[in-house]
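Text of start-v6.pdb, listed as PDB, C-alpha atoms, pLDDT in the B column:
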MODEL        1
ATOM      1  CA  MET A   1     178.692  83.139  74.919  1.00 71.00           C
ATOM      2  CA  PHE A   2     179.376  86.852  74.503  1.00 91.00           C
ATOM      3  CA  ARG A   3     182.244  88.364  72.538  1.00 96.00           C
ATOM      4  CA  ILE A   4     182.478  92.034  73.532  1.00 98.00           C
ATOM      5  CA  HIS A   5     184.290  94.694  71.512  1.00 97.00           C
ATOM      6  CA  GLU A   6     184.337  98.486  71.851  1.00 97.00           C
ATOM      7  CA  LEU A   7     183.997  99.326  68.145  1.00 95.00           C
ATOM      8  CA  HIS A   8     181.476  97.609  65.917  1.00 95.00           C
ATOM      9  CA  HIS A   9     183.821  96.677  63.095  1.00 95.00           C
ATOM     10  CA  HIS A  10     186.089  94.870  65.559  1.00 96.00           C
ATOM     11  CA  VAL A  11     183.489  92.095  65.941  1.00 97.00           C
ATOM     12  CA  ILE A  12     184.804  90.472  62.759  1.00 97.00           C
ATOM     13  CA  ALA A  13     187.766  89.262  64.828  1.00 96.00           C
ATOM     14  CA  SER A  14     185.234  87.045  66.638  1.00 97.00           C
ATOM     15  CA  TRP A  15     183.256  86.154  63.516  1.00 97.00           C
ATOM     16  CA  GLN A  16     186.494  84.734  62.128  1.00 96.00           C
ATOM     17  CA  GLU A  17     186.174  81.862  64.632  1.00 96.00           C
ATOM     18  CA  LEU A  18     183.104  80.529  62.802  1.00 97.00           C
ATOM     19  CA  LYS A  19     184.314  81.306  59.291  1.00 95.00           C
ATOM     20  CA  ASN A  20     184.504  77.653  58.242  1.00 95.00           C
ATOM     21  CA  ASN A  21     180.760  77.286  58.862  1.00 96.00           C
ATOM     22  CA  LEU A  22     179.919  80.400  56.791  1.00 97.00           C
ATOM     23  CA  PRO A  23     177.308  81.577  59.297  1.00 98.00           C
ATOM     24  CA  GLN A  24     174.709  84.218  58.630  1.00 98.00           C
ATOM     25  CA  VAL A  25     174.526  87.275  60.877  1.00 98.00           C
ATOM     26  CA  VAL A  26     171.510  88.924  62.464  1.00 98.00           C
ATOM     27  CA  THR A  27     172.400  92.332  63.857  1.00 97.00           C
ATOM     28  CA  LEU A  28     170.490  94.864  65.945  1.00 97.00           C
ATOM     29  CA  ASP A  29     171.796  98.367  65.352  1.00 96.00           C
ATOM     30  CA  HIS A  30     170.740 101.986  65.272  1.00 92.00           C
ATOM     31  CA  HIS A  31     172.704 102.457  62.041  1.00 88.00           C
ATOM     32  CA  THR A  32     172.740 100.384  58.865  1.00 86.00           C
ATOM     33  CA  ASP A  33     176.538  99.980  58.534  1.00 84.00           C
ATOM     34  CA  ILE A  34     176.406  99.170  54.818  1.00 83.00           C
ATOM     35  CA  LEU A  35     179.323 101.128  53.379  1.00 84.00           C
ATOM     36  CA  PRO A  36     181.923  99.366  51.189  1.00 81.00           C
ATOM     37  CA  ALA A  37     184.990  97.991  52.925  1.00 78.00           C
ATOM     38  CA  PHE A  38     187.989 100.361  53.023  1.00 80.00           C
ATOM     39  CA  MET A  39     185.977 103.212  51.507  1.00 70.00           C
ATOM     40  CA  ARG A  40     187.437 105.808  53.904  1.00 71.00           C
ATOM     41  CA  TYR A  41     190.918 104.286  53.744  1.00 64.00           C
ATOM     42  CA  ALA A  42     190.885 104.435  49.943  1.00 64.00           C
ATOM     43  CA  GLU A  43     189.975 108.134  50.025  1.00 70.00           C
ATOM     44  CA  LYS A  44     193.462 108.885  51.375  1.00 77.00           C
ATOM     45  CA  ASN A  45     195.292 105.819  50.104  1.00 80.00           C
ATOM     46  CA  GLN A  46     194.811 103.240  47.392  1.00 77.00           C
ATOM     47  CA  TYR A  47     192.523 100.286  48.007  1.00 78.00           C
ATOM     48  CA  PRO A  48     194.796  97.865  49.912  1.00 79.00           C
ATOM     49  CA  ALA A  49     196.214  95.298  47.498  1.00 75.00           C
ATOM     50  CA  ASP A  50     196.816  92.896  50.380  1.00 82.00           C
ATOM     51  CA  ALA A  51     193.261  93.080  51.772  1.00 81.00           C
ATOM     52  CA  GLY A  52     191.908  89.800  53.070  1.00 84.00           C
ATOM     53  CA  ILE A  53     195.316  88.394  54.033  1.00 87.00           C
ATOM     54  CA  ASN A  54     195.905  89.782  57.522  1.00 91.00           C
ATOM     55  CA  LEU A  55     192.711  90.352  59.524  1.00 93.00           C
ATOM     56  CA  GLU A  56     194.356  92.407  62.270  1.00 93.00           C
ATOM     57  CA  GLN A  57     195.793  94.763  59.697  1.00 91.00           C
ATOM     58  CA  ASP A  58     192.503  94.975  57.820  1.00 91.00           C
ATOM     59  CA  ILE A  59     190.608  95.890  60.988  1.00 92.00           C
ATOM     60  CA  LYS A  60     192.927  98.863  61.482  1.00 90.00           C
ATOM     61  CA  ARG A  61     192.041 100.079  57.981  1.00 89.00           C
ATOM     62  CA  LEU A  62     188.281  99.631  58.341  1.00 89.00           C
ATOM     63  CA  ARG A  63     185.732 101.986  59.856  1.00 84.00           C
ATOM     64  CA  HIS A  64     182.738 101.085  61.984  1.00 80.00           C
ATOM     65  CA  ASP A  65     180.217 100.824  59.139  1.00 87.00           C
ATOM     66  CA  GLU A  66     182.305  98.864  56.612  1.00 89.00           C
ATOM     67  CA  HIS A  67     182.564  95.474  58.315  1.00 93.00           C
ATOM     68  CA  PHE A  68     179.561  93.728  56.771  1.00 93.00           C
ATOM     69  CA  ASP A  69     180.833  94.333  53.273  1.00 92.00           C
ATOM     70  CA  TYR A  70     184.251  93.102  54.366  1.00 93.00           C
ATOM     71  CA  ALA A  71     182.907  89.943  56.022  1.00 95.00           C
ATOM     72  CA  LEU A  72     180.840  89.085  52.956  1.00 95.00           C
ATOM     73  CA  LYS A  73     183.585  89.916  50.472  1.00 92.00           C
ATOM     74  CA  TYR A  74     186.150  87.729  52.228  1.00 93.00           C
ATOM     75  CA  ASN A  75     183.783  84.833  52.950  1.00 94.00           C
ATOM     76  CA  MET A  76     183.594  85.129  56.716  1.00 96.00           C
ATOM     77  CA  ILE A  77     179.785  85.030  56.621  1.00 97.00           C
ATOM     78  CA  SER A  78     177.234  84.040  53.996  1.00 97.00           C
ATOM     79  CA  LYS A  79     174.572  86.710  54.552  1.00 96.00           C
ATOM     80  CA  ALA A  80     173.714  89.563  56.922  1.00 96.00           C
ATOM     81  CA  PHE A  81     170.340  90.776  58.128  1.00 96.00           C
ATOM     82  CA  ILE A  82     170.553  94.238  59.687  1.00 95.00           C
ATOM     83  CA  ILE A  83     167.598  95.138  61.873  1.00 95.00           C
ATOM     84  CA  SER A  84     168.155  98.863  61.885  1.00 92.00           C
ATOM     85  CA  GLN A  85     166.328 101.745  63.484  1.00 87.00           C
ATOM     86  CA  THR A  86     167.043 103.889  60.443  1.00 80.00           C
ATOM     87  CA  PRO A  87     166.276 103.045  56.805  1.00 78.00           C
ATOM     88  CA  ALA A  88     168.931 102.280  54.213  1.00 70.00           C
ATOM     89  CA  VAL A  89     169.627 105.275  51.991  1.00 69.00           C
ATOM     90  CA  ASN A  90     171.274 103.382  49.153  1.00 70.00           C
ATOM     91  CA  ALA A  91     170.965 100.011  47.432  1.00 71.00           C
ATOM     92  CA  VAL A  92     172.521  96.945  49.039  1.00 79.00           C
ATOM     93  CA  PRO A  93     173.655  93.624  47.529  1.00 78.00           C
ATOM     94  CA  ASN A  94     171.453  90.546  47.723  1.00 82.00           C
ATOM     95  CA  ASN A  95     173.488  88.962  50.515  1.00 90.00           C
ATOM     96  CA  LEU A  96     172.950  91.975  52.769  1.00 91.00           C
ATOM     97  CA  GLN A  97     169.451  92.932  53.837  1.00 91.00           C
ATOM     98  CA  VAL A  98     168.391  95.962  55.867  1.00 91.00           C
ATOM     99  CA  LEU A  99     165.176  95.463  57.806  1.00 91.00           C
ATOM    100  CA  TYR A 100     163.470  98.383  59.490  1.00 86.00           C
ATOM    101  CA  ASN A 101     160.040  99.193  60.781  1.00 82.00           C
ATOM    102  CA  GLU A 102     158.269 101.796  58.679  1.00 76.00           C
ATOM    103  CA  ASN A 103     156.808 103.361  61.813  1.00 72.00           C
ATOM    104  CA  PHE A 104     160.166 105.076  62.199  1.00 71.00           C
ATOM    105  CA  PRO A 105     159.201 108.754  62.733  1.00 67.00           C
ATOM    106  CA  GLU A 106     161.678 110.254  60.281  1.00 69.00           C
ATOM    107  CA  ASP A 107     160.352 113.802  60.330  1.00 70.00           C
ATOM    108  CA  GLU A 108     160.331 114.222  64.100  1.00 69.00           C
ATOM    109  CA  PRO A 109     163.014 115.886  66.264  1.00 68.00           C
ATOM    110  CA  LEU A 110     165.234 113.146  67.698  1.00 68.00           C
ATOM    111  CA  ASN A 111     164.137 113.936  71.254  1.00 69.00           C
ATOM    112  CA  SER A 112     160.392 113.696  70.526  1.00 78.00           C
ATOM    113  CA  ASN A 113     158.050 111.382  72.416  1.00 82.00           C
ATOM    114  CA  LEU A 114     157.320 109.544  69.168  1.00 84.00           C
ATOM    115  CA  TYR A 115     160.960 108.521  68.973  1.00 86.00           C
ATOM    116  CA  ARG A 116     160.938 107.426  72.608  1.00 90.00           C
ATOM    117  CA  GLU A 117     157.888 105.251  71.980  1.00 90.00           C
ATOM    118  CA  TYR A 118     159.539 103.776  68.896  1.00 89.00           C
ATOM    119  CA  PHE A 119     162.822 103.041  70.664  1.00 93.00           C
ATOM    120  CA  ASN A 120     160.990 101.582  73.666  1.00 95.00           C
ATOM    121  CA  LYS A 121     159.840  98.733  71.415  1.00 95.00           C
ATOM    122  CA  ALA A 122     163.347  97.658  70.362  1.00 96.00           C
ATOM    123  CA  LEU A 123     162.945  94.074  71.618  1.00 98.00           C
ATOM    124  CA  GLU A 124     159.171  93.777  71.597  1.00 97.00           C
ATOM    125  CA  ASP A 125     157.560  91.084  69.475  1.00 97.00           C
ATOM    126  CA  GLU A 126     155.293  93.684  67.900  1.00 94.00           C
ATOM    127  CA  HIS A 127     158.405  95.402  66.535  1.00 93.00           C
ATOM    128  CA  LEU A 128     160.386  92.319  65.479  1.00 96.00           C
ATOM    129  CA  ALA A 129     157.530  90.155  64.188  1.00 96.00           C
ATOM    130  CA  GLU A 130     157.518  91.651  60.699  1.00 93.00           C
ATOM    131  CA  PHE A 131     161.149  90.604  60.247  1.00 95.00           C
ATOM    132  CA  TYR A 132     160.821  87.069  61.617  1.00 96.00           C
ATOM    133  CA  ASP A 133     160.242  85.227  58.340  1.00 95.00           C
ATOM    134  CA  PHE A 134     163.326  86.812  56.779  1.00 94.00           C
ATOM    135  CA  LEU A 135     165.693  85.689  59.537  1.00 96.00           C
ATOM    136  CA  PRO A 136     167.788  82.513  59.796  1.00 96.00           C
ATOM    137  CA  HIS A 137     166.993  80.119  62.623  1.00 93.00           C
ATOM    138  CA  GLU A 138     170.217  78.079  62.646  1.00 96.00           C
ATOM    139  CA  ASN A 139     173.916  78.627  62.000  1.00 97.00           C
ATOM    140  CA  TYR A 140     173.842  82.349  62.696  1.00 98.00           C
ATOM    141  CA  ILE A 141     175.611  84.932  64.817  1.00 98.00           C
ATOM    142  CA  LEU A 142     173.528  87.394  66.820  1.00 98.00           C
ATOM    143  CA  ASP A 143     175.326  90.730  66.688  1.00 98.00           C
ATOM    144  CA  ILE A 144     174.209  93.594  68.930  1.00 98.00           C
ATOM    145  CA  ASP A 145     175.362  97.192  68.815  1.00 97.00           C
ATOM    146  CA  CYS A 146     174.584  98.794  72.181  1.00 98.00           C
ATOM    147  CA  ASP A 147     173.407 101.988  70.489  1.00 96.00           C
ATOM    148  CA  TYR A 148     170.320 100.025  69.437  1.00 97.00           C
ATOM    149  CA  PHE A 149     169.057 100.707  72.968  1.00 98.00           C
ATOM    150  CA  LYS A 150     168.058 104.266  73.903  1.00 96.00           C
ATOM    151  CA  THR A 151     165.696 103.849  76.855  1.00 97.00           C
ATOM    152  CA  GLU A 152     165.462 101.760  79.995  1.00 98.00           C
ATOM    153  CA  LYS A 153     162.139 100.399  78.803  1.00 98.00           C
ATOM    154  CA  SER A 154     163.798  99.032  75.662  1.00 98.00           C
ATOM    155  CA  LEU A 155     165.788  96.700  77.947  1.00 98.00           C
ATOM    156  CA  ASN A 156     162.681  95.569  79.820  1.00 97.00           C
ATOM    157  CA  PRO A 157     160.312  94.347  77.095  1.00 97.00           C
ATOM    158  CA  ALA A 158     156.839  93.129  77.965  1.00 97.00           C
ATOM    159  CA  LYS A 159     156.818  90.378  75.326  1.00 97.00           C
ATOM    160  CA  SER A 160     160.011  89.396  73.547  1.00 97.00           C
ATOM    161  CA  GLU A 161     159.778  85.770  72.452  1.00 97.00           C
ATOM    162  CA  ILE A 162     161.402  86.514  69.086  1.00 97.00           C
ATOM    163  CA  PHE A 163     164.424  88.187  70.644  1.00 98.00           C
ATOM    164  CA  PHE A 164     164.872  85.376  73.143  1.00 97.00           C
ATOM    165  CA  GLU A 165     164.714  82.836  70.335  1.00 97.00           C
ATOM    166  CA  LEU A 166     167.454  84.744  68.504  1.00 97.00           C
ATOM    167  CA  LEU A 167     169.488  85.087  71.698  1.00 97.00           C
ATOM    168  CA  CYS A 168     169.213  81.486  72.835  1.00 97.00           C
ATOM    169  CA  ASN A 169     169.789  79.770  69.482  1.00 97.00           C
ATOM    170  CA  ALA A 170     172.751  81.815  68.236  1.00 97.00           C
ATOM    171  CA  GLU A 171     176.062  80.078  67.617  1.00 97.00           C
ATOM    172  CA  MET A 172     177.793  83.201  68.912  1.00 97.00           C
ATOM    173  CA  ILE A 173     176.742  86.576  70.321  1.00 98.00           C
ATOM    174  CA  THR A 174     178.915  89.566  69.509  1.00 98.00           C
ATOM    175  CA  ILE A 175     178.369  92.884  71.229  1.00 98.00           C
ATOM    176  CA  SER A 176     179.876  96.233  70.320  1.00 97.00           C
ATOM    177  CA  LEU A 177     179.828  98.769  73.129  1.00 97.00           C
ATOM    178  CA  GLU A 178     180.098 101.872  70.927  1.00 96.00           C
ATOM    179  CA  THR A 179     180.298 103.909  74.133  1.00 97.00           C
ATOM    180  CA  ASP A 180     180.212 107.305  72.449  1.00 96.00           C
ATOM    181  CA  TRP A 181     177.137 106.526  70.338  1.00 95.00           C
ATOM    182  CA  VAL A 182     175.278 105.187  73.379  1.00 97.00           C
ATOM    183  CA  ARG A 183     176.029 108.416  75.223  1.00 96.00           C
ATOM    184  CA  LEU A 184     174.980 110.592  72.271  1.00 94.00           C
ATOM    185  CA  LEU A 185     171.726 108.791  71.473  1.00 93.00           C
ATOM    186  CA  THR A 186     170.288 107.787  74.842  1.00 95.00           C
ATOM    187  CA  PHE A 187     167.054 109.315  76.159  1.00 94.00           C
ATOM    188  CA  GLU A 188     168.160 108.520  79.717  1.00 95.00           C
ATOM    189  CA  ASN A 189     170.814 109.941  82.015  1.00 96.00           C
ATOM    190  CA  PRO A 190     174.021 109.134  80.063  1.00 96.00           C
ATOM    191  CA  SER A 191     176.016 108.661  83.248  1.00 96.00           C
ATOM    192  CA  VAL A 192     173.675 105.818  84.230  1.00 97.00           C
ATOM    193  CA  PHE A 193     172.451 104.442  80.904  1.00 98.00           C
ATOM    194  CA  THR A 194     175.849 103.304  79.654  1.00 98.00           C
ATOM    195  CA  ALA A 195     177.043 100.559  77.331  1.00 98.00           C
ATOM    196  CA  GLU A 196     178.136  98.576  80.391  1.00 98.00           C
ATOM    197  CA  HIS A 197     174.635  98.892  81.828  1.00 98.00           C
ATOM    198  CA  ILE A 198     173.175  97.594  78.566  1.00 98.00           C
ATOM    199  CA  VAL A 199     175.556  94.624  78.495  1.00 98.00           C
ATOM    200  CA  GLY A 200     174.595  93.801  82.079  1.00 97.00           C
ATOM    201  CA  LYS A 201     170.926  93.714  81.122  1.00 97.00           C
ATOM    202  CA  LEU A 202     171.653  91.527  78.086  1.00 97.00           C
ATOM    203  CA  ALA A 203     173.656  89.163  80.299  1.00 96.00           C
ATOM    204  CA  GLU A 204     170.667  88.850  82.621  1.00 96.00           C
ATOM    205  CA  MET A 205     168.478  87.953  79.652  1.00 96.00           C
ATOM    206  CA  TYR A 206     171.027  85.413  78.438  1.00 96.00           C
ATOM    207  CA  LYS A 207     170.904  83.628  81.802  1.00 93.00           C
ATOM    208  CA  ILE A 208     167.290  82.750  81.017  1.00 91.00           C
ATOM    209  CA  CYS A 209     168.537  80.782  77.996  1.00 91.00           C
ATOM    210  CA  LYS A 210     170.604  78.582  80.307  1.00 77.00           C
ATOM    211  CA  LYS A 211     167.776  77.667  82.685  1.00 71.00           C
TER     212      LYS A 211
ENDMDL
END

Would you mind writing the file out in structure tokens?
Amino acid sequence: MFRIHELHHHVIASWQELKNNLPQVVTLDHHTDILPAFMRYAEKNQYPADAGINLEQDIKRLRHDEHFDYALKYNMISKAFIISQTPAVNAVPNNLQVLYNENFPEDEPLNSNLYREYFNKALEDEHLAEFYDFLPHENYILDIDCDYFKTEKSLNPAKSEIFFELLCNAEMITISLETDWVRLLTFENPSVFTAEHIVGKLAEMYKICKK
């Protein structure tokens, strides 16, 4: 079951449905999204005294990389595991863990072949295997930001048993389109390799779970 939102922080409107079970979250994302809730809002205003009361109002005050802190702070989820394609640049609390592959070619130009090779492996077992033992295997939400995918090959993995296990056993799957980031980061033709194209490929994969 997919819950699709344009902006990543809007997925918490769907996470709210499972709040009573305090699920964990496994997310696939280009970014780490680990900033404190309402950080940008508080730069121009005071920290909202009524935060945590009205979710719709809170979402309007949040930015795209503040939702994990919010969901943890207001007991929507119990823990988050962020499989990111970029390393965390600052410390994170114990109930939020950033997992990234150290083969990330940090010193290369973003359009280099090394990056393409790295992004091609987004769903491959060889890329995800090192994270497997850290991840929950029940009562979790699989959260996917479409900007995690940069190449057509990343959507056509050769061996992806770990991803399919995550996909098929999730209590809920939330997807953020993040259309602009997909367009900015893709290695393919941006008029063809769109967020909608990515969602279509993920839907095809999900059908395998139902066979």

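Proximity to Gln24 in chain A was assessed for A:His137, A:His67, A:Lys150, A:Lys44 counting only C-alpha atoms; the smallest distance is recorded for A:His137.
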
Legend entry - Test item: residues at most 9 Å from Ala158 in chain A, all atoms listed in the file, excluding those fewer than 6 positions along its chain, as a list of chain:residue names: A:Leu123, A:Glu124, A:Asp125

Legend entry - Within 12 Å of Asn169 in chain A using all atoms listed in the file, minus same-chain residues under 5 positions, as a VMD selection string: chain A and resid 1 26 136 to 142 162 to 164 206 209 to 210

Inset, instruction - Determine the nearest neighbour of Tyr115 in chain A from the options A:Leu185, A:Ala51, A:Ile83, A:Leu167, counting all atoms listed in the file. - result: A:Leu185

Inset, instruction - Excluding range 87-103 of chain A and any residue of its chain fewer than 4 positions from it, enumerate the residues within 10 Å of it, using only C-alpha atoms, and give them as a PyMOL selection string. - result: chain A and resi 24-28+30-36+68-69+72+77-83+114-115+118+127-131+134-135

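Among A:Ala170, A:Asn45, A:Thr151, A:Ala37, the residue with the shortest atom-to-atom distance to Lys73 in chain A, counting all atoms listed in the file, is A:Ala37.
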
Inset, instruction - For Asp29 in chain A, work out the shell of residues within 8 Å, counting only C-alpha atoms and skipping chain neighbours fewer than 6 positions away, then give it as a count of residues only. - result: 9

Inset, instruction - Grab the CA of Glu66 in chain A to CA of Arg183 in chain A distance for me, in Å with one decimal place. - result: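 Calculated distance between CA of Glu66 in chain A and CA of Arg183 in chain A is 21.8 Å.
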
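Distances from A:Ile175, A:Ile198, A:Ile53, A:Ala122 to Ile4 in chain A were compared using all atoms listed in the file, and the smallest one belongs to A:Ile175.
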
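One distance worth recording is that between CA of Thr179 in chain A and CA of Ala195 in chain A, which is 5.7 Å.
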